[in-house]
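**Q** This one is coords.cif, mmCIF, C-alpha atoms.
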data_coords
#
loop_
_atom_site.group_PDB
_atom_site.id
_atom_site.type_symbol
_atom_site.label_atom_id
_atom_site.label_comp_id
_atom_site.auth_asym_id
_atom_site.auth_seq_id
_atom_site.Cartn_x
_atom_site.Cartn_y
_atom_site.Cartn_z
ATOM 1 C CA MET A 1 242.704 75.135 213.199
ATOM 2 C CA SER A 2 239.535 74.054 211.466
ATOM 3 C CA THR A 3 237.480 76.726 209.780
ATOM 4 C CA SER A 4 234.273 74.745 210.043
ATOM 5 C CA SER A 5 233.148 76.260 213.330
ATOM 6 C CA PRO A 6 229.546 76.932 214.364
ATOM 7 C CA ALA A 7 230.201 80.647 213.841
ATOM 8 C CA ALA A 8 230.875 79.983 210.171
ATOM 9 C CA ALA A 9 227.498 78.378 209.701
ATOM 10 C CA ALA A 10 224.765 80.234 207.889
ATOM 11 C CA PRO A 11 222.906 82.556 210.256
ATOM 12 C CA ALA A 12 219.531 81.347 211.443
ATOM 13 C CA ARG A 13 216.509 82.990 209.920
ATOM 14 C CA LEU A 14 214.739 85.522 212.087
ATOM 15 C CA LEU A 15 211.459 83.697 211.557
ATOM 16 C CA SER A 16 211.275 79.955 210.961
ATOM 17 C CA ALA A 17 208.584 78.175 208.981
ATOM 18 C CA SER A 18 206.829 77.363 212.270
ATOM 19 C CA ASP A 19 206.915 81.043 213.260
ATOM 20 C CA LEU A 20 205.380 82.130 209.965
ATOM 21 C CA ALA A 21 202.735 79.402 210.220
ATOM 22 C CA MET A 22 201.749 80.514 213.723
ATOM 23 C CA ILE A 23 201.556 84.164 212.651
ATOM 24 C CA ALA A 24 199.211 83.137 209.837
ATOM 25 C CA VAL A 25 197.030 81.213 212.296
ATOM 26 C CA VAL A 26 196.896 84.234 214.625
ATOM 27 C CA VAL A 27 195.632 86.403 211.755
ATOM 28 C CA VAL A 28 193.090 83.772 210.664
ATOM 29 C CA TRP A 29 191.694 83.194 214.140
ATOM 30 C CA GLY A 30 191.775 86.865 215.100
ATOM 31 C CA THR A 31 189.815 88.015 212.051
ATOM 32 C CA ASN A 32 187.405 85.078 212.341
ATOM 33 C CA TYR A 33 185.509 86.701 215.230
ATOM 34 C CA THR A 34 184.341 89.562 213.040
ATOM 35 C CA LEU A 35 183.659 87.285 210.081
ATOM 36 C CA VAL A 36 181.475 84.948 212.158
ATOM 37 C CA LYS A 37 179.738 87.860 213.903
ATOM 38 C CA ASP A 38 178.792 89.319 210.514
ATOM 39 C CA ALA A 39 177.593 85.916 209.273
ATOM 40 C CA LEU A 40 175.385 85.448 212.359
ATOM 41 C CA GLU A 41 173.452 88.591 211.430
ATOM 42 C CA GLY A 42 172.055 86.773 208.391
ATOM 43 C CA MET A 43 171.775 83.229 209.739
ATOM 44 C CA PRO A 44 170.512 81.639 212.995
ATOM 45 C CA ALA A 45 173.421 81.040 215.374
ATOM 46 C CA ARG A 46 172.981 77.299 215.876
ATOM 47 C CA ALA A 47 172.236 76.701 212.204
ATOM 48 C CA PHE A 48 175.505 78.404 211.301
ATOM 49 C CA MET A 49 177.325 76.405 213.975
ATOM 50 C CA SER A 50 175.840 73.099 212.833
ATOM 51 C CA LEU A 51 176.579 73.560 209.124
ATOM 52 C CA ARG A 52 180.010 75.043 209.745
ATOM 53 C CA PHE A 53 181.234 72.368 212.115
ATOM 54 C CA GLY A 54 179.671 69.489 210.187
ATOM 55 C CA LEU A 55 181.531 70.609 207.058
ATOM 56 C CA ALA A 56 184.762 71.111 209.003
ATOM 57 C CA ALA A 57 184.618 67.665 210.636
ATOM 58 C CA LEU A 58 183.963 65.993 207.280
ATOM 59 C CA ALA A 59 186.870 67.850 205.670
ATOM 60 C CA MET A 60 189.197 67.007 208.559
ATOM 61 C CA GLY A 61 188.250 63.331 208.310
ATOM 62 C CA ILE A 62 189.071 63.317 204.592
ATOM 63 C CA VAL A 63 192.416 65.010 205.245
ATOM 64 C CA LEU A 64 193.268 62.464 207.948
ATOM 65 C CA PHE A 65 192.484 59.504 205.689
ATOM 66 C CA ALA A 66 194.432 61.015 202.770
ATOM 67 C CA VAL A 67 197.517 61.806 204.869
ATOM 68 C CA GLU A 68 197.701 58.931 207.349
ATOM 69 C CA GLY A 69 195.176 56.369 206.195
ATOM 70 C CA HIS A 70 193.568 53.985 208.663
ATOM 71 C CA LYS A 71 195.604 53.223 211.764
ATOM 72 C CA PRO A 72 194.370 51.093 214.673
ATOM 73 C CA MET A 73 194.134 52.942 217.975
ATOM 74 C CA PRO A 74 193.886 51.579 221.524
ATOM 75 C CA TRP A 75 190.289 51.660 222.723
ATOM 76 C CA LYS A 76 191.263 53.608 225.848
ATOM 77 C CA THR A 77 192.892 56.322 223.735
ATOM 78 C CA PHE A 78 189.838 56.551 221.493
ATOM 79 C CA LEU A 79 187.516 56.952 224.491
ATOM 80 C CA ARG A 80 189.760 59.686 225.873
ATOM 81 C CA LEU A 81 189.672 61.525 222.535
ATOM 82 C CA THR A 82 185.894 61.092 222.364
ATOM 83 C CA ALA A 83 185.497 62.741 225.766
ATOM 84 C CA LEU A 84 187.849 65.533 224.708
ATOM 85 C CA GLY A 85 185.861 65.941 221.497
ATOM 86 C CA PHE A 86 182.681 66.463 223.494
ATOM 87 C CA VAL A 87 184.235 69.098 225.763
ATOM 88 C CA GLY A 88 186.570 70.780 223.270
ATOM 89 C CA ASN A 89 184.213 70.771 220.310
ATOM 90 C CA THR A 90 180.557 70.088 221.208
ATOM 91 C CA LEU A 91 180.425 72.214 224.355
ATOM 92 C CA TYR A 92 183.011 74.711 223.125
ATOM 93 C CA GLN A 93 181.143 75.403 219.890
ATOM 94 C CA LEU A 94 177.819 75.818 221.701
ATOM 95 C CA PHE A 95 179.260 78.264 224.218
ATOM 96 C CA PHE A 96 181.299 80.138 221.608
ATOM 97 C CA ILE A 97 178.594 80.625 218.975
ATOM 98 C CA GLU A 98 175.830 81.446 221.451
ATOM 99 C CA GLY A 99 178.196 83.784 223.287
ATOM 100 C CA LEU A 100 179.369 85.569 220.151
ATOM 101 C CA ALA A 101 175.749 86.029 219.068
ATOM 102 C CA ARG A 102 175.053 87.890 222.325
ATOM 103 C CA THR A 103 178.173 90.027 222.755
ATOM 104 C CA THR A 104 180.610 91.942 220.569
ATOM 105 C CA ALA A 105 183.377 90.471 218.451
ATOM 106 C CA ALA A 106 185.893 92.632 220.335
ATOM 107 C CA ASN A 107 184.735 91.389 223.743
ATOM 108 C CA SER A 108 184.860 87.794 222.523
ATOM 109 C CA GLY A 109 188.415 88.154 221.309
ATOM 110 C CA MET A 110 189.618 89.813 224.497
ATOM 111 C CA LEU A 111 187.906 87.312 226.811
ATOM 112 C CA THR A 112 189.197 84.220 225.027
ATOM 113 C CA ALA A 113 192.707 85.518 225.702
ATOM 114 C CA VAL A 114 192.367 84.147 229.226
ATOM 115 C CA SER A 115 192.444 80.539 227.925
ATOM 116 C CA PRO A 116 196.244 80.027 228.148
ATOM 117 C CA VAL A 117 196.328 81.146 231.779
ATOM 118 C CA VAL A 118 193.407 78.895 232.679
ATOM 119 C CA THR A 119 195.154 76.091 230.811
ATOM 120 C CA ALA A 120 198.336 76.592 232.828
ATOM 121 C CA ALA A 121 196.438 76.651 236.128
ATOM 122 C CA LEU A 122 194.361 73.613 235.186
ATOM 123 C CA GLY A 123 197.461 71.727 234.080
ATOM 124 C CA ALA A 124 199.049 72.435 237.453
ATOM 125 C CA ALA A 125 195.918 71.370 239.323
ATOM 126 C CA LEU A 126 195.793 68.065 237.437
ATOM 127 C CA GLY A 127 199.506 67.395 237.825
ATOM 128 C CA VAL A 128 200.461 67.938 234.184
ATOM 129 C CA GLU A 129 202.605 70.906 235.191
ATOM 130 C CA ARG A 130 203.924 72.085 238.531
ATOM 131 C CA LEU A 131 202.151 75.002 240.113
ATOM 132 C CA ARG A 132 204.655 77.832 240.476
ATOM 133 C CA ARG A 133 204.373 81.436 241.532
ATOM 134 C CA PRO A 134 204.372 82.820 237.955
ATOM 135 C CA VAL A 135 201.261 80.730 237.192
ATOM 136 C CA VAL A 136 199.481 82.095 240.266
ATOM 137 C CA ALA A 137 200.551 85.658 239.421
ATOM 138 C CA GLY A 138 199.511 85.265 235.793
ATOM 139 C CA LEU A 139 196.129 83.820 236.734
ATOM 140 C CA SER A 140 195.522 86.670 239.188
ATOM 141 C CA LEU A 141 196.264 89.298 236.530
ATOM 142 C CA ALA A 142 194.074 87.483 234.008
ATOM 143 C CA VAL A 143 191.127 87.360 236.416
ATOM 144 C CA VAL A 144 191.386 91.111 237.095
ATOM 145 C CA GLY A 145 191.724 91.753 233.363
ATOM 146 C CA THR A 146 188.665 89.626 232.599
ATOM 147 C CA LEU A 147 186.592 91.549 235.156
ATOM 148 C CA LEU A 148 187.668 94.831 233.541
ATOM 149 C CA VAL A 149 186.792 93.628 230.029
ATOM 150 C CA VAL A 150 183.364 92.424 231.151
ATOM 151 C CA GLY A 151 182.583 95.279 233.530
ATOM 152 C CA ALA A 152 183.923 98.276 231.590
ATOM 153 C CA ARG A 153 181.504 97.975 228.694
ATOM 154 C CA GLY A 154 180.736 100.987 226.594
ATOM 155 C CA PRO A 155 177.515 103.014 226.897
ATOM 156 C CA ASP A 156 176.006 101.306 223.856
ATOM 157 C CA LEU A 157 176.243 97.831 225.386
ATOM 158 C CA GLY A 158 173.338 96.701 227.540
ATOM 159 C CA ALA A 159 173.095 94.090 230.270
ATOM 160 C CA ALA A 160 172.189 91.457 227.648
ATOM 161 C CA THR A 161 175.833 91.179 226.641
ATOM 162 C CA TRP A 162 176.685 89.883 230.116
ATOM 163 C CA THR A 163 175.234 86.517 229.095
ATOM 164 C CA GLY A 164 177.344 86.499 225.948
ATOM 165 C CA ASP A 165 180.484 87.366 227.890
ATOM 166 C CA ALA A 166 179.780 84.573 230.402
ATOM 167 C CA LEU A 167 179.303 82.049 227.599
ATOM 168 C CA ILE A 168 182.590 83.109 225.986
ATOM 169 C CA VAL A 169 184.377 82.580 229.315
ATOM 170 C CA CYS A 170 182.775 79.110 229.520
ATOM 171 C CA SER A 171 184.093 78.344 226.035
ATOM 172 C CA SER A 172 187.575 79.366 227.196
ATOM 173 C CA LEU A 173 187.315 76.916 230.094
ATOM 174 C CA CYS A 174 186.284 74.145 227.690
ATOM 175 C CA TRP A 175 189.270 74.941 225.481
ATOM 176 C CA ALA A 176 191.591 74.801 228.488
ATOM 177 C CA ILE A 177 190.275 71.360 229.462
ATOM 178 C CA TYR A 178 190.661 70.190 225.873
ATOM 179 C CA THR A 179 194.224 71.492 225.603
ATOM 180 C CA VAL A 180 195.345 69.897 228.870
ATOM 181 C CA GLY A 181 193.616 66.662 227.924
ATOM 182 C CA THR A 182 195.351 66.415 224.558
ATOM 183 C CA ARG A 183 198.735 66.662 226.275
ATOM 184 C CA ALA A 184 197.952 63.453 228.147
ATOM 185 C CA VAL A 185 197.253 61.538 224.930
ATOM 186 C CA GLY A 186 200.966 61.044 224.279
ATOM 187 C CA ASN A 187 203.317 61.457 221.338
ATOM 188 C CA GLY A 188 202.181 58.210 219.737
ATOM 189 C CA VAL A 189 199.173 59.976 218.213
ATOM 190 C CA SER A 190 199.814 62.711 215.650
ATOM 191 C CA ALA A 191 198.411 66.226 215.935
ATOM 192 C CA LEU A 192 196.347 65.624 212.807
ATOM 193 C CA ARG A 193 194.807 62.438 214.224
ATOM 194 C CA VAL A 194 194.039 64.052 217.581
ATOM 195 C CA THR A 195 192.396 67.028 215.871
ATOM 196 C CA ALA A 196 190.437 64.912 213.386
ATOM 197 C CA ILE A 197 189.141 62.332 215.850
ATOM 198 C CA THR A 198 188.087 64.907 218.430
ATOM 199 C CA MET A 199 186.301 66.874 215.704
ATOM 200 C CA LEU A 200 184.570 63.786 214.298
ATOM 201 C CA THR A 201 183.443 62.578 217.726
ATOM 202 C CA GLY A 202 182.339 66.061 218.754
ATOM 203 C CA ALA A 203 180.492 66.767 215.497
ATOM 204 C CA PRO A 204 177.270 64.750 216.139
ATOM 205 C CA GLY A 205 176.422 66.814 219.209
ATOM 206 C CA VAL A 206 177.144 70.077 217.395
ATOM 207 C CA VAL A 207 175.081 69.085 214.349
ATOM 208 C CA LEU A 208 172.140 67.848 216.442
ATOM 209 C CA ALA A 209 172.154 71.025 218.549
ATOM 210 C CA GLY A 210 171.538 73.120 215.440
ATOM 211 C CA ALA A 211 169.466 70.673 213.385
ATOM 212 C CA SER A 212 166.100 72.281 214.179
ATOM 213 C CA GLN A 213 167.325 75.718 213.094
ATOM 214 C CA VAL A 214 168.839 74.283 209.910
ATOM 215 C CA ILE A 215 165.513 72.658 208.991
ATOM 216 C CA ALA A 216 163.545 75.837 209.706
ATOM 217 C CA MET A 217 166.046 78.183 208.048
ATOM 218 C CA ASP A 218 165.039 80.094 204.918
ATOM 219 C CA THR A 219 168.121 79.457 202.779
ATOM 220 C CA SER A 220 167.008 81.988 200.158
ATOM 221 C CA SER A 221 167.415 84.788 202.701
ATOM 222 C CA VAL A 222 171.099 83.986 203.244
ATOM 223 C CA SER A 223 173.362 86.099 201.056
ATOM 224 C CA THR A 224 176.174 84.734 198.919
ATOM 225 C CA ALA A 225 178.624 86.436 201.261
ATOM 226 C CA GLY A 226 177.022 84.568 204.162
ATOM 227 C CA TRP A 227 177.549 81.179 202.491
ATOM 228 C CA VAL A 228 181.121 82.078 201.556
ATOM 229 C CA ALA A 229 181.775 83.112 205.161
ATOM 230 C CA LEU A 230 180.377 79.806 206.404
ATOM 231 C CA VAL A 231 182.547 77.702 204.081
ATOM 232 C CA TYR A 232 185.663 79.771 204.761
ATOM 233 C CA SER A 233 185.085 79.702 208.521
ATOM 234 C CA ALA A 234 184.733 75.921 208.374
ATOM 235 C CA LEU A 235 187.708 75.053 206.186
ATOM 236 C CA VAL A 236 190.321 77.650 207.166
ATOM 237 C CA PRO A 237 189.995 78.462 210.907
ATOM 238 C CA LEU A 238 188.601 75.048 211.888
ATOM 239 C CA VAL A 239 190.550 72.687 209.621
ATOM 240 C CA LEU A 240 193.749 74.252 208.314
ATOM 241 C CA ALA A 241 194.453 76.493 211.316
ATOM 242 C CA TYR A 242 193.620 73.786 213.889
ATOM 243 C CA PHE A 243 196.057 71.379 212.260
ATOM 244 C CA VAL A 244 198.838 73.955 211.875
ATOM 245 C CA TRP A 245 198.445 75.117 215.475
ATOM 246 C CA PHE A 246 198.633 71.688 217.091
ATOM 247 C CA ARG A 247 201.478 70.672 214.820
ATOM 248 C CA SER A 248 203.312 73.791 215.984
ATOM 249 C CA VAL A 249 202.660 72.809 219.612
ATOM 250 C CA GLN A 250 204.316 69.452 218.955
ATOM 251 C CA GLN A 251 207.256 71.020 217.090
ATOM 252 C CA VAL A 252 208.128 74.071 219.211
ATOM 253 C CA GLY A 253 206.233 73.512 222.469
ATOM 254 C CA THR A 254 203.387 75.220 224.273
ATOM 255 C CA ASN A 255 205.399 78.192 225.539
ATOM 256 C CA ARG A 256 206.231 79.548 222.099
ATOM 257 C CA THR A 257 202.804 78.895 220.623
ATOM 258 C CA THR A 258 201.213 80.582 223.636
ATOM 259 C CA LEU A 259 203.335 83.681 223.059
ATOM 260 C CA TYR A 260 201.977 83.908 219.528
ATOM 261 C CA GLY A 261 198.483 83.157 220.798
ATOM 262 C CA THR A 262 198.480 86.402 222.757
ATOM 263 C CA GLY A 263 198.232 88.183 219.415
ATOM 264 C CA ILE A 264 194.817 86.661 218.631
ATOM 265 C CA PRO A 265 192.745 89.008 220.844
ATOM 266 C CA VAL A 266 194.742 91.971 219.565
ATOM 267 C CA VAL A 267 193.933 91.075 215.952
ATOM 268 C CA ALA A 268 190.314 90.368 216.937
ATOM 269 C CA ALA A 269 189.859 93.728 218.661
ATOM 270 C CA LEU A 270 191.540 95.704 215.870
ATOM 271 C CA THR A 271 189.499 93.921 213.185
ATOM 272 C CA ALA A 272 186.232 94.485 215.067
ATOM 273 C CA TRP A 273 187.155 98.147 215.528
ATOM 274 C CA ALA A 274 188.075 98.666 211.867
ATOM 275 C CA ILE A 275 185.169 96.753 210.305
ATOM 276 C CA ARG A 276 182.342 96.855 212.849
ATOM 277 C CA GLY A 277 183.205 100.038 214.713
ATOM 278 C CA GLU A 278 183.438 98.164 218.037
ATOM 279 C CA ARG A 279 185.795 100.528 219.790
ATOM 280 C CA PRO A 280 186.998 99.153 223.155
ATOM 281 C CA THR A 281 186.851 101.417 226.195
ATOM 282 C CA LEU A 282 190.004 102.526 227.999
ATOM 283 C CA PHE A 283 189.383 100.118 230.886
ATOM 284 C CA GLN A 284 188.678 97.243 228.492
ATOM 285 C CA THR A 285 192.000 97.930 226.795
ATOM 286 C CA LEU A 286 193.665 97.910 230.207
ATOM 287 C CA GLY A 287 191.897 94.647 231.016
ATOM 288 C CA ALA A 288 193.105 93.055 227.782
ATOM 289 C CA ALA A 289 196.649 94.210 228.568
ATOM 290 C CA LEU A 290 196.441 92.606 232.027
ATOM 291 C CA ILE A 291 195.209 89.347 230.496
ATOM 292 C CA LEU A 292 198.042 89.259 227.966
ATOM 293 C CA THR A 293 200.591 90.127 230.657
ATOM 294 C CA GLY A 294 199.210 87.328 232.787
ATOM 295 C CA VAL A 295 199.565 84.899 229.887
ATOM 296 C CA LEU A 296 203.196 85.863 229.329
ATOM 297 C CA ILE A 297 204.030 85.612 233.031
ATOM 298 C CA SER A 298 202.296 82.259 233.468
ATOM 299 C CA ARG A 299 204.140 80.762 230.486
ATOM 300 C CA SER A 300 207.631 81.908 231.467
ATOM 301 C CA LYS A 301 210.300 79.225 231.187
ATOM 302 C CA ASP A 302 210.195 77.957 234.727
ATOM 303 C CA THR A 303 206.458 77.280 234.632
ATOM 304 C CA ALA A 304 206.527 74.738 231.842
ATOM 305 C CA ILE A 305 208.230 71.938 233.773
ATOM 306 C CA THR A 306 206.171 68.799 233.473
ATOM 307 C CA LYS A 307 206.081 66.228 236.208
ATOM 308 C CA ALA A 308 208.245 63.181 235.705
#
Would you write out, as structure tokens, the structure that this file holds?

**A**
Amino acid sequence: MSTSSPAAAAPARLLSASDLAMIAVVVVWGTNYTLVKDALEGMPARAFMSLRFGLAALAMGIVLFAVEGHKPMPWKTFLRLTALGFVGNTLYQLFFIEGLARTTAANSGMLTAVSPVVTAALGAALGVERLRRPVVAGLSLAVVGTLLVVGARGPDLGAATWTGDALIVCSSLCWAIYTVGTRAVGNGVSALRVTAITMLTGAPGVVLAGASQVIAMDTSSVSTAGWVALVYSALVPLVLAYFVWFRSVQQVGTNRTTLYGTGIPVVAALTAWAIRGERPTLFQTLGAALILTGVLISRSKDTAITKA
């Protein structure tokens, strides 16, 4: 009898390289809410957005050229990526930055957790995935959770934060559209190319939206920490983390990456609590738990069946 059986093989590692990469992205994105919120206190919101995203798009373009060089792309595919760049970057950045400027970092992190459930429901509505009961159940829980997060604000939060919360929810919808749209691009285009082209095509709108504030901004009033935060927030969360995340989606699938993604609002809330003192209320915590439960239910194995 041969001794070279599967049982004799070296045991698999508990965490693969993809797992470790996704955990790192979760930490980067989760802590980024507090970092950006702090930076916005010393810099106009749209000016920060414009400079940050312009730098990120330029860096991503350089990375794409260095790694893959110039590759012809069908015109139809380019137009699709351009449209996705407008929704997933131009509109998303506007909603996200303006929303974060008006609400708390903790609220922002908890509300963006609804994105995977919206993505699953949108994918089913557009025929990318079949609509199954777990998706409906997950979406229902996420909606209730979102209402709790928005409605159960603490005594120190006024009605003005409602606008910020609404804008954050709009950014989540944009991200869902972008995510579903990138799935339809096909495997012939790499994750790096999809990310770079959508960033480059979305960048002009983002830069123009903040151009007036950049011109009027008193750069001498911005601290060194503010500039460091801007550069870090551009190169790490927007360039490195974007690429790693979408590469992970291609390697291990949306279900597994979504499971890790549920940790982002947890990291965001804990960071905001530790650094900014933004302590969530009991009902907000319950709402966040409902959202995360909804995400896990909606992404269970039998919901990820794509149409043939």

**Q** Show me, as number ranges by chain, the residues that have an atom within 9 Å of Ala209 in chain A when counting only C-alpha atoms, minus same-chain residues fewer than 2 positions from it.

**A** A: 46-47, 49-50, 90, 94, 204-207, 211-213

**Q** Give me the result of the PyMOL selection byres ((chain A and resi 137-141) around 12) on this file, residue by residue, as a ChimeraX atom specification.

**A** /A:113-122,124,131-136,142-148,286-300,303

**Q** Taking the file as shown, find all residues satisfying the PyMOL selection byres ((chain A and resi 178) around 10) and write them as a PDB file with C-alpha atoms, in the coordinates of the input.

**A**
ATOM      1  CA  LEU A  81     189.672  61.525 222.535  1.00  0.00           C
ATOM      2  CA  ALA A  83     185.497  62.741 225.766  1.00  0.00           C
ATOM      3  CA  LEU A  84     187.849  65.533 224.708  1.00  0.00           C
ATOM      4  CA  GLY A  85     185.861  65.941 221.497  1.00  0.00           C
ATOM      5  CA  PHE A  86     182.681  66.463 223.494  1.00  0.00           C
ATOM      6  CA  VAL A  87     184.235  69.098 225.763  1.00  0.00           C
ATOM      7  CA  GLY A  88     186.570  70.780 223.270  1.00  0.00           C
ATOM      8  CA  ASN A  89     184.213  70.771 220.310  1.00  0.00           C
ATOM      9  CA  TYR A  92     183.011  74.711 223.125  1.00  0.00           C
ATOM     10  CA  THR A 119     195.154  76.091 230.811  1.00  0.00           C
ATOM     11  CA  SER A 172     187.575  79.366 227.196  1.00  0.00           C
ATOM     12  CA  LEU A 173     187.315  76.916 230.094  1.00  0.00           C
ATOM     13  CA  CYS A 174     186.284  74.145 227.690  1.00  0.00           C
ATOM     14  CA  TRP A 175     189.270  74.941 225.481  1.00  0.00           C
ATOM     15  CA  ALA A 176     191.591  74.801 228.488  1.00  0.00           C
ATOM     16  CA  ILE A 177     190.275  71.360 229.462  1.00  0.00           C
ATOM     17  CA  THR A 179     194.224  71.492 225.603  1.00  0.00           C
ATOM     18  CA  VAL A 180     195.345  69.897 228.870  1.00  0.00           C
ATOM     19  CA  GLY A 181     193.616  66.662 227.924  1.00  0.00           C
ATOM     20  CA  THR A 182     195.351  66.415 224.558  1.00  0.00           C
ATOM     21  CA  ARG A 183     198.735  66.662 226.275  1.00  0.00           C
ATOM     22  CA  THR A 198     188.087  64.907 218.430  1.00  0.00           C
TER      23      THR A 198
END

**Q** Going by the chain IDs and residue numbers used in this file, which residues fall under the PyMOL selection byres ((chain A and resi 218-224) around 12)? Write them as a PDB file with C-alpha atoms, in the frame of the given file.

**A**
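Contents of the output file selection-v1.pdb:
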ATOM      1  CA  ASP A  38     178.792  89.319 210.514  1.00  0.00           C
ATOM      2  CA  ALA A  39     177.593  85.916 209.273  1.00  0.00           C
ATOM      3  CA  LEU A  40     175.385  85.448 212.359  1.00  0.00           C
ATOM      4  CA  GLU A  41     173.452  88.591 211.430  1.00  0.00           C
ATOM      5  CA  GLY A  42     172.055  86.773 208.391  1.00  0.00           C
ATOM      6  CA  MET A  43     171.775  83.229 209.739  1.00  0.00           C
ATOM      7  CA  PRO A  44     170.512  81.639 212.995  1.00  0.00           C
ATOM      8  CA  ALA A  47     172.236  76.701 212.204  1.00  0.00           C
ATOM      9  CA  PHE A  48     175.505  78.404 211.301  1.00  0.00           C
ATOM     10  CA  GLN A 213     167.325  75.718 213.094  1.00  0.00           C
ATOM     11  CA  VAL A 214     168.839  74.283 209.910  1.00  0.00           C
ATOM     12  CA  ILE A 215     165.513  72.658 208.991  1.00  0.00           C
ATOM     13  CA  ALA A 216     163.545  75.837 209.706  1.00  0.00           C
ATOM     14  CA  MET A 217     166.046  78.183 208.048  1.00  0.00           C
ATOM     15  CA  ALA A 225     178.624  86.436 201.261  1.00  0.00           C
ATOM     16  CA  GLY A 226     177.022  84.568 204.162  1.00  0.00           C
ATOM     17  CA  TRP A 227     177.549  81.179 202.491  1.00  0.00           C
ATOM     18  CA  VAL A 228     181.121  82.078 201.556  1.00  0.00           C
ATOM     19  CA  ALA A 229     181.775  83.112 205.161  1.00  0.00           C
ATOM     20  CA  LEU A 230     180.377  79.806 206.404  1.00  0.00           C
ATOM     21  CA  VAL A 231     182.547  77.702 204.081  1.00  0.00           C
TER      22      VAL A 231
END

**Q** Kindly give the distance, in Å, that separates CA of Val249 in chain A and CA of Gly261 in chain A, rounded to a single decimal.

**A** 11.2 Å

**Q** Calculate how many Å separate CA of Ala241 in chain A from CA of Glu278 in chain A, rounding to one decimal.

**A** 25.2 Å

**Q** Have a look at CA of Tyr242 in chain A and CA of Gly61 in chain A and let me know their distance in Å, one decimal.

**A**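 Pair CA of Tyr242 in chain A / CA of Gly61 in chain A returns 13.0 Å.
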
**Q** Calculated over all atoms listed in the file, which of the candidates A:Thr281, A:Thr112, A:Thr104, A:Asn32 has the smallest distance to Leu238 in chain A?

**A** A:Asn32

**Q** For a quick check of understanding, using all atoms listed in the file, which of A:Arg193, A:Arg276, A:Lys37, A:Arg247 has the smallest distance to Ile62 in chain A?

**A**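 Among the listed residues, the smallest separation from Ile62 in chain A belongs to A:Arg193.
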
**Q** Identify, on the basis of all atoms listed in the file, every residue whose closest approach to Pro265 in chain A does not exceed 7 Å; exclude the query and any residue fewer than 4 positions from it along the same chain; express the result as a list of chain:residue names.

**A** A:Gly30, A:Gly109, A:Met110, A:Ala113, A:Ala269

**Q** Excluding Ala191 in chain A and any residue of its chain fewer than 4 positions from it, enumerate the residues within 7 Å of it, using all atoms listed in the file, and give them as a VMD selection string.

**A** chain A and resid 195 243 246 to 247

**Q** For each of A:Leu64, A:Trp245, A:Trp29, A:Pro74, take the minimum atom-to-atom distance to Leu200 in chain A, counting only C-alpha atoms, then give the residue where this is smallest.

**A**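 Of A:Leu64, A:Trp245, A:Trp29, A:Pro74, the one nearest Leu200 in chain A is A:Leu64, counting only C-alpha atoms.
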
**Q** Using only C-alpha atoms, which of the listed residues (A:Leu270, A:Ile23, A:Ile264, A:Ile97) sits closest to Phe53 in chain A?

**A** A:Ile97

**Q** Would you mind telling me which residue in A:Thr34, A:Thr82, A:Asn187, A:Thr103 lies nearest to Gly202 in chain A when using only C-alpha atoms?

**A**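 Ranking A:Thr34, A:Thr82, A:Asn187, A:Thr103 by distance to Gly202 in chain A, first place goes to A:Thr82.
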
**Q** What residues have an atom no more than 12 Å from (196.0, 55.5, 208.3) in the file's own frame, counting all atoms listed in the file, and can you write them as a ChimeraX atom specification?

**A** /A:61-73,189-190,192-193

**Q** Identify which of the residues A:Val36, A:Val25, A:Leu79, A:Ala106 lies closest to Ala272 in chain A, counting only C-alpha atoms when measuring atom-to-atom distances.

**A**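 Closest to Ala272 in chain A, using only C-alpha atoms: A:Ala106.
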